[in-house]
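For reference, the structure discussed in these notes is given below.
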Amino acid sequence: MEGLNQIFWGNTLYAYIIAFGVIVIGLIALRIIKSIVLHRLRKWAEKTVNTVDDFIISVIDRAIMPALYISVIYGGIHYLTLPVKLANGMHGVMILINTFFVLRMLTMLIEYALLSYLQKRSYADAKRSEVKGILMIINLVLWCIAIVFLLDNFGYNVTTIITSLGIGGVAIALASQNILSDLFCYFVIFFDRPFEIGDAILVGDKSGTVMEIGVKTTRIRSTSGEEMIFSNKQLTDSRIHNFKRMEKRRIAFVLDVVYETPADVLEEIPAILKTIITAQEGIAFDRAHFATYGAYSLKFEVVYNVLTGDYNKYMDIQQVINLAIFREFAKRGIQFAYPTQTIFNANNN
């Protein structure tokens with residue numbers, strides 16, 4: 001027992017054994033908790049429908065357990081009598097580590113809340129790339145707050161620092177109004193959701209598919225293949241046509257037939273058009289009428305609805321209808337009109 005009371009570097013051998021025992025027993029206990037308890041909880045969470053339990057287990061595994069491992073080691077070492085500078089240094093390191101893991105938990109919570117918000121808004125296929133930008137901004141704000149907290153704990157006068165940052169922030173804000181405007185519009189796009197990645201949109205006379213929504217710019221792949229880059233403010237200030245959210249497409253077109261067409265055939269044309277259109281699947285016939293007398297033709301107006309917003313589907317249906325009309329008119333001898341002029345000469349004898 002006397003040997004245990006021998007002092008090495010300011011601590012007895014007994015104190016070293018206790019510190020080592022605390023660390024070993026603590027690490028073993030945490031290892032058991034992770035490999036048995038946490039493993040069983042994860043298996044149970046996989047069987048449930050909700051995602052809250054999966055999120056909680058992920059937080060425990062990625063943030064709480066690492067923090068506990070480090071705390072056990074710190075607790076064992078803290079049992080020893082250490083030099084003041086070393087003890088203060090270790091205390092500062094623990095503050096840094098705990099701050100890091102607290103920020104990790106907050107970030108995970110915010111990310112989970114954002115994804116859940118998008119899913120509840122019927123954006124179940126929300127892509128993480130859309131959340132990445134806003135998480136970067138949130139992380140920046142959280143780390144700024146954390147740095148102020150750390151400086152305060154380390155004995156610095158944070159009031160002076162905050163005042164300096166405030167004055168500098170005003171100067172930076174005035175110098176970067178456009179960037180801040182695009183950043184604000186990014187939040188508008190994210191929460192209001194006028195479009196999302198994969199949507200086919202029309203902005204002014206430019207159309208394409210949204211490829212990426214960034215903090216400052218949005219990238220769109222045009223129908224001709226090139227990449228177009230719009231500032232977020234430019235998009236929110238523009239009138240946007242979102243074709244992906246189109247539930248149905250209203251189609252109206254005009255057919256011109258010659259004036260020489262007999263009256264009884266003119267009476268049959270609306271019924272012919274209705275029969276051709278109603279034979280197609282996925283459309284709702286509206287009307288077909290002899291609409292008006294044109295300069296060189298008799299005009300028939302046809303209207304129907306394609307029960308989908310898919311442009312390719314609409315074009316397939318329109319092609320089938322056009323070919324069927326062409327064949328049917330040819331069978332009945334109905335001639336399509338085209339711009340012509342008839343000149344009558346008066347013979348004065």
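By order in the structure tokens, chains are A, B, ...; within a chain, residues start at 1; ligands start at 1, following the order shown.
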
Using only C-alpha atoms, which protein or nucleic acid residues come within 9 Å of Leu255 (chain A)? Drop anything in the same chain fewer than 3 positions from it, and give the result as a PyMOL selection string.
chain A and resi 298-302+336-337

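Residues in contact with region 150-157 of chain A at up to 10 Å, not including ones fewer than 6 positions away on its chain and judged by only C-alpha atoms, are Asn88, Gly92, Ile95, Leu96, Thr99 and Cys144 of chain A.
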
Do a neighbour search on Gly204 (chain A) at 12 Å with only C-alpha atoms, toss out local chain neighbours closer than 3 positions, and write the hits as a list in words.
Ile201, Ser207, Gly208, Phe230, Gln234, Leu235, Asp237, Ser238, Arg239, Ile240, His241 and Asn242 of chain A

Would you please work out which residue, of A:Asp192, A:Glu111, A:Asp199, A:Asp54, is nearest to Phe243 (chain A) when using only C-alpha atoms?
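Answer, going by the shortest atom-to-atom distance: A:Asp199.
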
Between CA of Ala67 (chain A) and CA of Ile17 (chain A), measure the distance and give it in Å to one decimal.
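Those two atoms sit 23.3 Å apart.
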
May I have the residues within 9 Å of Arg104 (chain A) as a ChimeraX atom specification, using only C-alpha atoms and disregarding those fewer than 3 positions away in the same chain?
/A:59,62-63,99-101,107-109

Distance in Å - CA of Lys47 (chain A) versus CA of Leu68 (chain A):
27.5 Å

Do you have the CA of Asp53 (chain A)-CA of Lys34 (chain A) distance handy?
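CA of Asp53 (chain A) sits 15.9 Å away from CA of Lys34 (chain A).
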
So that I can check the surroundings of Thr217 (chain A), please list as a PyMOL selection string every protein, DNA and RNA residue that reaches within 7 Å of it, counting only C-alpha atoms and ignoring chain neighbours fewer than 5 positions away.
chain A and resi 229-232

What parts of region 107-322 of chain A does DSSP call strand (DSSP E or B)? I'd like the answer as an MDAnalysis selection string.
chainID A and resid 200:203 206:213 217:222 227:231 240:242 249:257 283:293 298:306
